[in-house]
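Trainee: Sharing structure_3.cif, mmCIF, C-alpha atoms:
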data_run
#
loop_
_atom_site.group_PDB
_atom_site.id
_atom_site.type_symbol
_atom_site.label_atom_id
_atom_site.label_comp_id
_atom_site.auth_asym_id
_atom_site.auth_seq_id
_atom_site.Cartn_x
_atom_site.Cartn_y
_atom_site.Cartn_z
ATOM 1 C CA MET A 1 97.040 -93.613 17.306
ATOM 2 C CA PRO A 2 96.172 -90.135 15.944
ATOM 3 C CA SER A 3 94.682 -87.639 18.284
ATOM 4 C CA ALA A 4 91.093 -86.525 17.707
ATOM 5 C CA VAL A 5 91.894 -83.099 19.154
ATOM 6 C CA ARG A 6 92.877 -80.407 16.668
ATOM 7 C CA SER A 7 95.281 -77.631 17.312
ATOM 8 C CA PRO A 8 93.319 -74.451 18.014
ATOM 9 C CA ARG A 9 95.954 -72.290 16.317
ATOM 10 C CA GLY A 10 95.956 -74.206 13.033
ATOM 11 C CA SER A 11 92.200 -74.403 12.585
ATOM 12 C CA SER A 12 91.607 -70.743 13.401
ATOM 13 C CA ALA A 13 94.262 -69.726 10.879
ATOM 14 C CA LEU A 14 92.587 -71.893 8.236
ATOM 15 C CA ARG A 15 89.174 -70.468 9.085
ATOM 16 C CA PHE A 16 90.497 -66.940 8.836
ATOM 17 C CA GLY A 17 92.173 -67.730 5.506
ATOM 18 C CA ARG A 18 88.970 -69.202 4.100
ATOM 19 C CA PHE A 19 86.954 -66.245 5.404
ATOM 20 C CA ALA A 20 89.410 -63.747 3.884
ATOM 21 C CA ALA A 21 89.583 -65.535 0.529
ATOM 22 C CA MET A 22 85.840 -66.068 0.151
ATOM 23 C CA GLY A 23 85.079 -62.573 1.420
ATOM 24 C CA THR A 24 87.416 -61.157 -1.203
ATOM 25 C CA VAL A 25 85.809 -63.247 -3.950
ATOM 26 C CA ALA A 26 82.308 -62.164 -2.847
ATOM 27 C CA ALA A 27 83.333 -58.506 -2.743
ATOM 28 C CA LEU A 28 84.940 -58.715 -6.201
ATOM 29 C CA ILE A 29 81.807 -60.289 -7.687
ATOM 30 C CA LEU A 30 79.634 -57.529 -6.231
ATOM 31 C CA ILE A 31 82.022 -54.815 -7.413
ATOM 32 C CA ALA A 32 82.021 -56.327 -10.909
ATOM 33 C CA GLY A 33 78.203 -56.364 -10.903
ATOM 34 C CA VAL A 34 77.999 -52.712 -9.917
ATOM 35 C CA TRP A 35 80.699 -51.797 -12.447
ATOM 36 C CA ALA A 36 78.874 -53.599 -15.269
ATOM 37 C CA SER A 37 75.555 -52.002 -14.327
ATOM 38 C CA TRP A 38 76.818 -48.475 -13.819
ATOM 39 C CA GLY A 39 77.814 -48.025 -17.474
ATOM 40 C CA THR A 40 74.139 -47.862 -18.438
ATOM 41 C CA ALA A 41 72.559 -46.945 -15.114
ATOM 42 C CA GLN A 42 74.360 -43.598 -14.888
ATOM 43 C CA HIS A 43 72.627 -42.389 -18.037
ATOM 44 C CA VAL A 44 69.200 -43.590 -16.937
ATOM 45 C CA MET A 45 69.344 -42.456 -13.308
ATOM 46 C CA LEU A 46 71.287 -39.198 -13.585
ATOM 47 C CA THR A 47 69.286 -37.525 -16.352
ATOM 48 C CA LYS A 48 69.861 -33.895 -15.363
ATOM 49 C CA GLY A 49 71.529 -32.160 -18.302
ATOM 50 C CA ARG A 50 71.098 -35.131 -20.618
ATOM 51 C CA GLU A 51 68.959 -35.242 -23.725
ATOM 52 C CA ARG A 52 65.656 -37.020 -23.103
ATOM 53 C CA GLY A 53 63.048 -37.915 -25.668
ATOM 54 C CA THR A 54 61.236 -40.674 -27.501
ATOM 55 C CA VAL A 55 62.259 -43.074 -30.244
ATOM 56 C CA GLU A 56 59.788 -44.679 -32.605
ATOM 57 C CA VAL A 57 61.450 -47.914 -33.645
ATOM 58 C CA THR A 58 61.311 -48.278 -37.415
ATOM 59 C CA ARG A 59 63.959 -50.916 -38.092
ATOM 60 C CA CYS A 60 65.619 -53.731 -36.147
ATOM 61 C CA ALA A 61 68.652 -55.674 -37.319
ATOM 62 C CA GLU A 62 70.923 -58.069 -35.424
ATOM 63 C CA ASP A 63 71.404 -56.580 -31.928
ATOM 64 C CA VAL A 64 70.189 -53.016 -32.476
ATOM 65 C CA CYS A 65 67.036 -51.168 -33.385
ATOM 66 C CA GLU A 66 66.866 -47.650 -34.736
ATOM 67 C CA GLY A 67 64.382 -44.913 -35.407
ATOM 68 C CA PRO A 68 63.794 -41.167 -35.359
ATOM 69 C CA TYR A 69 64.309 -39.285 -32.118
ATOM 70 C CA ALA A 70 61.804 -36.702 -30.897
ATOM 71 C CA PRO A 71 63.103 -34.507 -28.030
ATOM 72 C CA LEU A 72 61.279 -33.983 -24.736
ATOM 73 C CA SER A 73 63.906 -32.036 -22.783
ATOM 74 C CA PRO A 74 64.815 -28.398 -23.419
ATOM 75 C CA GLY A 75 67.829 -27.943 -25.650
ATOM 76 C CA SER A 76 67.584 -31.385 -27.184
ATOM 77 C CA GLN A 77 67.543 -31.563 -30.974
ATOM 78 C CA PRO A 78 65.517 -33.985 -33.099
ATOM 79 C CA ARG A 79 67.550 -36.637 -34.890
ATOM 80 C CA ALA A 80 66.699 -38.702 -37.940
ATOM 81 C CA LYS A 81 68.189 -41.861 -36.443
ATOM 82 C CA VAL A 82 69.287 -43.067 -33.010
ATOM 83 C CA VAL A 83 70.328 -46.579 -32.057
ATOM 84 C CA LEU A 84 68.677 -48.565 -29.255
ATOM 85 C CA ASP A 85 69.845 -51.992 -28.058
ATOM 86 C CA ASP A 86 67.500 -54.709 -29.281
ATOM 87 C CA THR A 87 68.145 -56.726 -26.135
ATOM 88 C CA VAL A 88 65.841 -54.531 -24.042
ATOM 89 C CA ALA A 89 62.611 -56.067 -25.354
ATOM 90 C CA VAL A 90 62.197 -53.526 -28.127
ATOM 91 C CA GLU A 91 59.502 -54.081 -30.737
ATOM 92 C CA ARG A 92 59.335 -52.542 -34.171
ATOM 93 C CA GLY A 93 56.613 -49.902 -34.493
ATOM 94 C CA ARG A 94 56.510 -48.983 -30.791
ATOM 95 C CA THR A 95 57.646 -45.730 -29.203
ATOM 96 C CA TYR A 96 59.968 -45.720 -26.170
ATOM 97 C CA THR A 97 61.175 -42.981 -23.852
ATOM 98 C CA VAL A 98 64.954 -42.800 -23.956
ATOM 99 C CA VAL A 99 67.987 -40.904 -22.727
ATOM 100 C CA LEU A 100 70.778 -40.232 -25.202
ATOM 101 C CA LYS A 101 74.333 -41.067 -24.235
ATOM 102 C CA PRO A 102 76.605 -38.022 -24.564
ATOM 103 C CA GLY A 103 78.470 -37.534 -27.806
ATOM 104 C CA GLY A 104 76.615 -39.970 -29.974
ATOM 105 C CA ALA A 105 73.407 -41.329 -31.362
ATOM 106 C CA GLU A 106 73.128 -44.200 -28.883
ATOM 107 C CA ALA A 107 70.061 -44.242 -26.649
ATOM 108 C CA VAL A 108 69.126 -46.185 -23.520
ATOM 109 C CA ARG A 109 65.608 -46.784 -22.260
ATOM 110 C CA SER A 110 64.489 -44.549 -19.443
ATOM 111 C CA GLY A 111 61.821 -44.845 -16.793
ATOM 112 C CA PRO A 112 61.346 -47.781 -14.424
ATOM 113 C CA ALA A 113 61.974 -50.379 -17.137
ATOM 114 C CA GLY A 114 65.255 -48.721 -18.120
ATOM 115 C CA VAL A 115 66.455 -48.440 -14.527
ATOM 116 C CA LEU A 116 65.660 -52.076 -13.767
ATOM 117 C CA TYR A 117 67.254 -53.261 -17.004
ATOM 118 C CA ALA A 118 70.405 -51.262 -16.269
ATOM 119 C CA TRP A 119 70.829 -53.054 -12.934
ATOM 120 C CA VAL A 120 70.361 -56.608 -14.305
ATOM 121 C CA PRO A 121 74.133 -57.372 -14.126
ATOM 122 C CA LEU A 122 74.022 -56.525 -10.417
ATOM 123 C CA GLY A 123 71.101 -58.935 -9.980
ATOM 124 C CA GLY A 124 73.172 -61.719 -11.495
ATOM 125 C CA ALA A 125 76.129 -60.778 -9.310
ATOM 126 C CA LEU A 126 73.917 -60.935 -6.222
ATOM 127 C CA LEU A 127 72.805 -64.455 -7.140
ATOM 128 C CA LEU A 128 76.381 -65.580 -7.741
ATOM 129 C CA THR A 129 77.605 -63.947 -4.547
ATOM 130 C CA SER A 130 74.918 -65.741 -2.546
ATOM 131 C CA VAL A 131 76.474 -69.068 -3.534
ATOM 132 C CA VAL A 132 79.919 -67.903 -2.438
ATOM 133 C CA VAL A 133 78.581 -66.532 0.845
ATOM 134 C CA ALA A 134 76.644 -69.717 1.623
ATOM 135 C CA GLY A 135 79.355 -72.182 0.603
ATOM 136 C CA GLY A 136 82.540 -70.332 1.396
ATOM 137 C CA LEU A 137 81.585 -68.147 4.327
ATOM 138 C CA LEU A 138 78.889 -70.425 5.781
ATOM 139 C CA ARG A 139 76.535 -67.466 6.238
ATOM 140 C CA THR A 140 73.214 -68.897 5.088
ATOM 141 C CA ARG A 141 70.999 -65.999 6.212
ATOM 142 C CA ALA A 142 73.123 -63.457 4.397
ATOM 143 C CA ALA A 143 73.195 -65.749 1.356
ATOM 144 C CA TRP A 144 69.384 -65.951 1.341
ATOM 145 C CA VAL A 145 69.131 -62.170 1.531
ATOM 146 C CA LEU A 146 71.531 -61.791 -1.400
ATOM 147 C CA ALA A 147 69.780 -64.480 -3.441
ATOM 148 C CA LEU A 148 66.316 -63.054 -2.834
ATOM 149 C CA GLY A 149 67.550 -59.551 -3.680
ATOM 150 C CA GLY A 150 69.105 -60.743 -6.937
ATOM 151 C CA ALA A 151 66.103 -62.854 -7.897
ATOM 152 C CA GLY A 152 63.756 -59.986 -7.045
ATOM 153 C CA LEU A 153 65.730 -57.548 -9.187
ATOM 154 C CA LEU A 154 65.852 -59.923 -12.160
ATOM 155 C CA THR A 155 62.150 -60.732 -11.845
ATOM 156 C CA ALA A 156 61.195 -57.051 -11.600
ATOM 157 C CA ALA A 157 63.275 -56.268 -14.696
ATOM 158 C CA PHE A 158 61.666 -59.133 -16.597
ATOM 159 C CA VAL A 159 58.155 -57.979 -15.653
ATOM 160 C CA ALA A 160 58.882 -54.312 -16.401
ATOM 161 C CA LEU A 161 60.272 -55.013 -19.850
#
How does this structure look as structure tokens?
Mentor:
Amino acid sequence: MPSAVRSPRGSSALRFGRFAAMGTVAALILIAGVWASWGTAQHVMLTKGRERGTVEVTRCAEDVCEGPYAPLSPGSQPRAKVVLDDTVAVERGRTYTVVLKPGGAEAVRSGPAGVLYAWVPLGGALLLTSVVVAGGLLRTRAAWVLALGGAGLLTAAFVAL
């Protein structure tokens, strides 16, 4: 008849292995979320020395909108056309404050809406990580904190845009 008592050494090694594996997966998801967000967020959040201005959207096609750029920061030059991602709730005929990416005519929205939109990938990563933390690490409180943080970030970005 099999024994109902488990070996303490075997189960603790399995628990540690699961904790290490799921902790690594959770950390990688969060790192990927920050990495994906930082590509845009650095331009929006660290604006010192960058060209800031406004874009009046005159034309939208496929995934981009474009329009003339009017500078607001010293040293910035007006441009006949800059490109703005259409995925950031951009409407034709409206004017948006933007920050230009260095070395090109690509602009990203600035202000609170731009900051929140830049961090949307992190919000999704927080939601995904909460599932890993709850299921793999069995840390439900931490999972709720991660899930609420991700949902709050995504909701704030949706409302701001």
Trainee: Can you tell me, as a PyMOL selection string, what residues are no more than 10 Å from range 134-143 of chain A when counting only C-alpha atoms, ignoring any on the same chain fewer than 5 positions away?
Mentor: chain A and resi 15+18-23+25-26+126-129+148-149
Trainee: Take the residues from that selection and write them out as a PDB file, in the frame of the given file, keeping C-alpha atoms.
Mentor:
ATOM      1  CA  ARG A  15      89.174 -70.468   9.085  1.00  0.00           C
ATOM      2  CA  ARG A  18      88.970 -69.202   4.100  1.00  0.00           C
ATOM      3  CA  PHE A  19      86.954 -66.245   5.404  1.00  0.00           C
ATOM      4  CA  ALA A  20      89.410 -63.747   3.884  1.00  0.00           C
ATOM      5  CA  ALA A  21      89.583 -65.535   0.529  1.00  0.00           C
ATOM      6  CA  MET A  22      85.840 -66.068   0.151  1.00  0.00           C
ATOM      7  CA  GLY A  23      85.079 -62.573   1.420  1.00  0.00           C
ATOM      8  CA  VAL A  25      85.809 -63.247  -3.950  1.00  0.00           C
ATOM      9  CA  ALA A  26      82.308 -62.164  -2.847  1.00  0.00           C
ATOM     10  CA  LEU A 126      73.917 -60.935  -6.222  1.00  0.00           C
ATOM     11  CA  LEU A 127      72.805 -64.455  -7.140  1.00  0.00           C
ATOM     12  CA  LEU A 128      76.381 -65.580  -7.741  1.00  0.00           C
ATOM     13  CA  THR A 129      77.605 -63.947  -4.547  1.00  0.00           C
ATOM     14  CA  LEU A 148      66.316 -63.054  -2.834  1.00  0.00           C
ATOM     15  CA  GLY A 149      67.550 -59.551  -3.680  1.00  0.00           C
TER      16      GLY A 149
END
Trainee: Please write as a PyMOL selection string the full residue list that the PyMOL selection byres ((chain A and resi 75) around 12) yields on this file.
Mentor: chain A and resi 49-53+70-74+76-78
Trainee: Take the selection from the previous step and output its residues with C-alpha atoms, as a compact mmCIF listing (two decimals), keeping the file's coordinate frame.
Mentor:
# COMPACT_ATOMS: atom_id res chain seq x y z
CA GLY A 49 71.53 -32.16 -18.30
CA ARG A 50 71.10 -35.13 -20.62
CA GLU A 51 68.96 -35.24 -23.72
CA ARG A 52 65.66 -37.02 -23.10
CA GLY A 53 63.05 -37.92 -25.67
CA ALA A 70 61.80 -36.70 -30.90
CA PRO A 71 63.10 -34.51 -28.03
CA LEU A 72 61.28 -33.98 -24.74
CA SER A 73 63.91 -32.04 -22.78
CA PRO A 74 64.82 -28.40 -23.42
CA SER A 76 67.58 -31.38 -27.18
CA GLN A 77 67.54 -31.56 -30.97
CA PRO A 78 65.52 -33.98 -33.10
Trainee: What is the distance, in Å and to one decimal place, between CA of Tyr117 in chain A and CA of Ala80 in chain A?
Mentor: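 If I compute the distance from CA of Tyr117 in chain A to CA of Ala80 in chain A, I get 25.5 Å.
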Trainee: List the neighbours of Val83 in chain A out to 7 Å using all atoms listed in the file; skip same-chain residues closer than 2 positions along the sequence, and give me the result as a list of chain:residue names.
Mentor: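 Neighbouring residues, sequence-local ones excluded: A:Val64, A:Cys65, A:Glu66, A:Lys81, A:Asp85, A:Ala105, A:Glu106, A:Ala107.
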Trainee: Find the distance between CA of Ala113 in chain A and CA of Leu161 in chain A and write it in Å to one decimal.
Mentor: 5.6 Å
Trainee: Assuming the input is short of atoms at range 141-152 of chain A, produce all heavy atoms for that part as an mmCIF file, in the frame of the given file.
Mentor:
data_model
loop_
_atom_site.group_PDB
_atom_site.id
_atom_site.type_symbol
_atom_site.label_atom_id
_atom_site.label_comp_id
_atom_site.auth_asym_id
_atom_site.auth_seq_id
_atom_site.Cartn_x
_atom_site.Cartn_y
_atom_site.Cartn_z
ATOM 1 N N ARG A 141 71.985 -67.094 6.193
ATOM 2 C CA ARG A 141 70.999 -65.999 6.212
ATOM 3 C C ARG A 141 71.396 -64.883 5.256
ATOM 4 O O ARG A 141 70.568 -64.365 4.499
ATOM 5 C CB ARG A 141 70.831 -65.450 7.617
ATOM 6 C CG ARG A 141 70.058 -66.360 8.510
ATOM 7 C CD ARG A 141 69.771 -65.710 9.839
ATOM 8 N NE ARG A 141 69.208 -66.689 10.742
ATOM 9 C CZ ARG A 141 69.507 -66.797 12.013
ATOM 10 N NH1 ARG A 141 70.380 -65.955 12.549
ATOM 11 N NH2 ARG A 141 68.944 -67.715 12.765
ATOM 12 N N ALA A 142 72.646 -64.498 5.308
ATOM 13 C CA ALA A 142 73.123 -63.457 4.397
ATOM 14 C C ALA A 142 73.021 -63.928 2.944
ATOM 15 O O ALA A 142 72.668 -63.151 2.052
ATOM 16 C CB ALA A 142 74.574 -63.090 4.730
ATOM 17 N N ALA A 143 73.296 -65.207 2.714
ATOM 18 C CA ALA A 143 73.195 -65.749 1.356
ATOM 19 C C ALA A 143 71.750 -65.702 0.867
ATOM 20 O O ALA A 143 71.499 -65.370 -0.297
ATOM 21 C CB ALA A 143 73.721 -67.182 1.329
ATOM 22 N N TRP A 144 70.796 -66.025 1.738
ATOM 23 C CA TRP A 144 69.384 -65.951 1.341
ATOM 24 C C TRP A 144 68.975 -64.519 1.026
ATOM 25 O O TRP A 144 68.219 -64.273 0.080
ATOM 26 C CB TRP A 144 68.484 -66.535 2.429
ATOM 27 C CG TRP A 144 68.332 -68.012 2.318
ATOM 28 C CD1 TRP A 144 68.878 -68.970 3.126
ATOM 29 C CD2 TRP A 144 67.615 -68.717 1.306
ATOM 30 N NE1 TRP A 144 68.536 -70.214 2.684
ATOM 31 C CE2 TRP A 144 67.750 -70.086 1.561
ATOM 32 C CE3 TRP A 144 66.868 -68.319 0.200
ATOM 33 C CZ2 TRP A 144 67.165 -71.057 0.768
ATOM 34 C CZ3 TRP A 144 66.281 -69.291 -0.597
ATOM 35 C CH2 TRP A 144 66.429 -70.637 -0.307
ATOM 36 N N VAL A 145 69.454 -63.582 1.795
ATOM 37 C CA VAL A 145 69.131 -62.170 1.531
ATOM 38 C C VAL A 145 69.691 -61.754 0.175
ATOM 39 O O VAL A 145 68.999 -61.107 -0.631
ATOM 40 C CB VAL A 145 69.673 -61.264 2.659
ATOM 41 C CG1 VAL A 145 69.591 -59.794 2.286
ATOM 42 C CG2 VAL A 145 68.913 -61.523 3.959
ATOM 43 N N LEU A 146 70.926 -62.118 -0.112
ATOM 44 C CA LEU A 146 71.531 -61.791 -1.400
ATOM 45 C C LEU A 146 70.790 -62.466 -2.550
ATOM 46 O O LEU A 146 70.508 -61.846 -3.579
ATOM 47 C CB LEU A 146 73.004 -62.209 -1.419
ATOM 48 C CG LEU A 146 73.944 -61.397 -0.532
ATOM 49 C CD1 LEU A 146 75.298 -62.093 -0.420
ATOM 50 C CD2 LEU A 146 74.111 -59.999 -1.085
ATOM 51 N N ALA A 147 70.467 -63.741 -2.382
ATOM 52 C CA ALA A 147 69.780 -64.480 -3.441
ATOM 53 C C ALA A 147 68.392 -63.915 -3.699
ATOM 54 O O ALA A 147 67.978 -63.748 -4.857
ATOM 55 C CB ALA A 147 69.691 -65.961 -3.069
ATOM 56 N N LEU A 148 67.657 -63.615 -2.656
ATOM 57 C CA LEU A 148 66.316 -63.054 -2.834
ATOM 58 C C LEU A 148 66.375 -61.655 -3.450
ATOM 59 O O LEU A 148 65.533 -61.300 -4.271
ATOM 60 C CB LEU A 148 65.557 -63.035 -1.509
ATOM 61 C CG LEU A 148 65.160 -64.419 -0.983
ATOM 62 C CD1 LEU A 148 64.558 -64.300 0.410
ATOM 63 C CD2 LEU A 148 64.208 -65.107 -1.932
ATOM 64 N N GLY A 149 67.378 -60.874 -3.071
ATOM 65 C CA GLY A 149 67.550 -59.551 -3.680
ATOM 66 C C GLY A 149 67.866 -59.648 -5.161
ATOM 67 O O GLY A 149 67.287 -58.926 -5.986
ATOM 68 N N GLY A 150 68.763 -60.551 -5.526
ATOM 69 C CA GLY A 150 69.105 -60.743 -6.937
ATOM 70 C C GLY A 150 67.941 -61.285 -7.743
ATOM 71 O O GLY A 150 67.642 -60.804 -8.835
ATOM 72 N N ALA A 151 67.252 -62.282 -7.192
ATOM 73 C CA ALA A 151 66.103 -62.854 -7.897
ATOM 74 C C ALA A 151 64.976 -61.831 -8.028
ATOM 75 O O ALA A 151 64.309 -61.742 -9.063
ATOM 76 C CB ALA A 151 65.609 -64.100 -7.170
ATOM 77 N N GLY A 152 64.778 -61.028 -6.983
ATOM 78 C CA GLY A 152 63.756 -59.986 -7.045
ATOM 79 C C GLY A 152 64.072 -58.942 -8.097
ATOM 80 O O GLY A 152 63.186 -58.510 -8.852
#
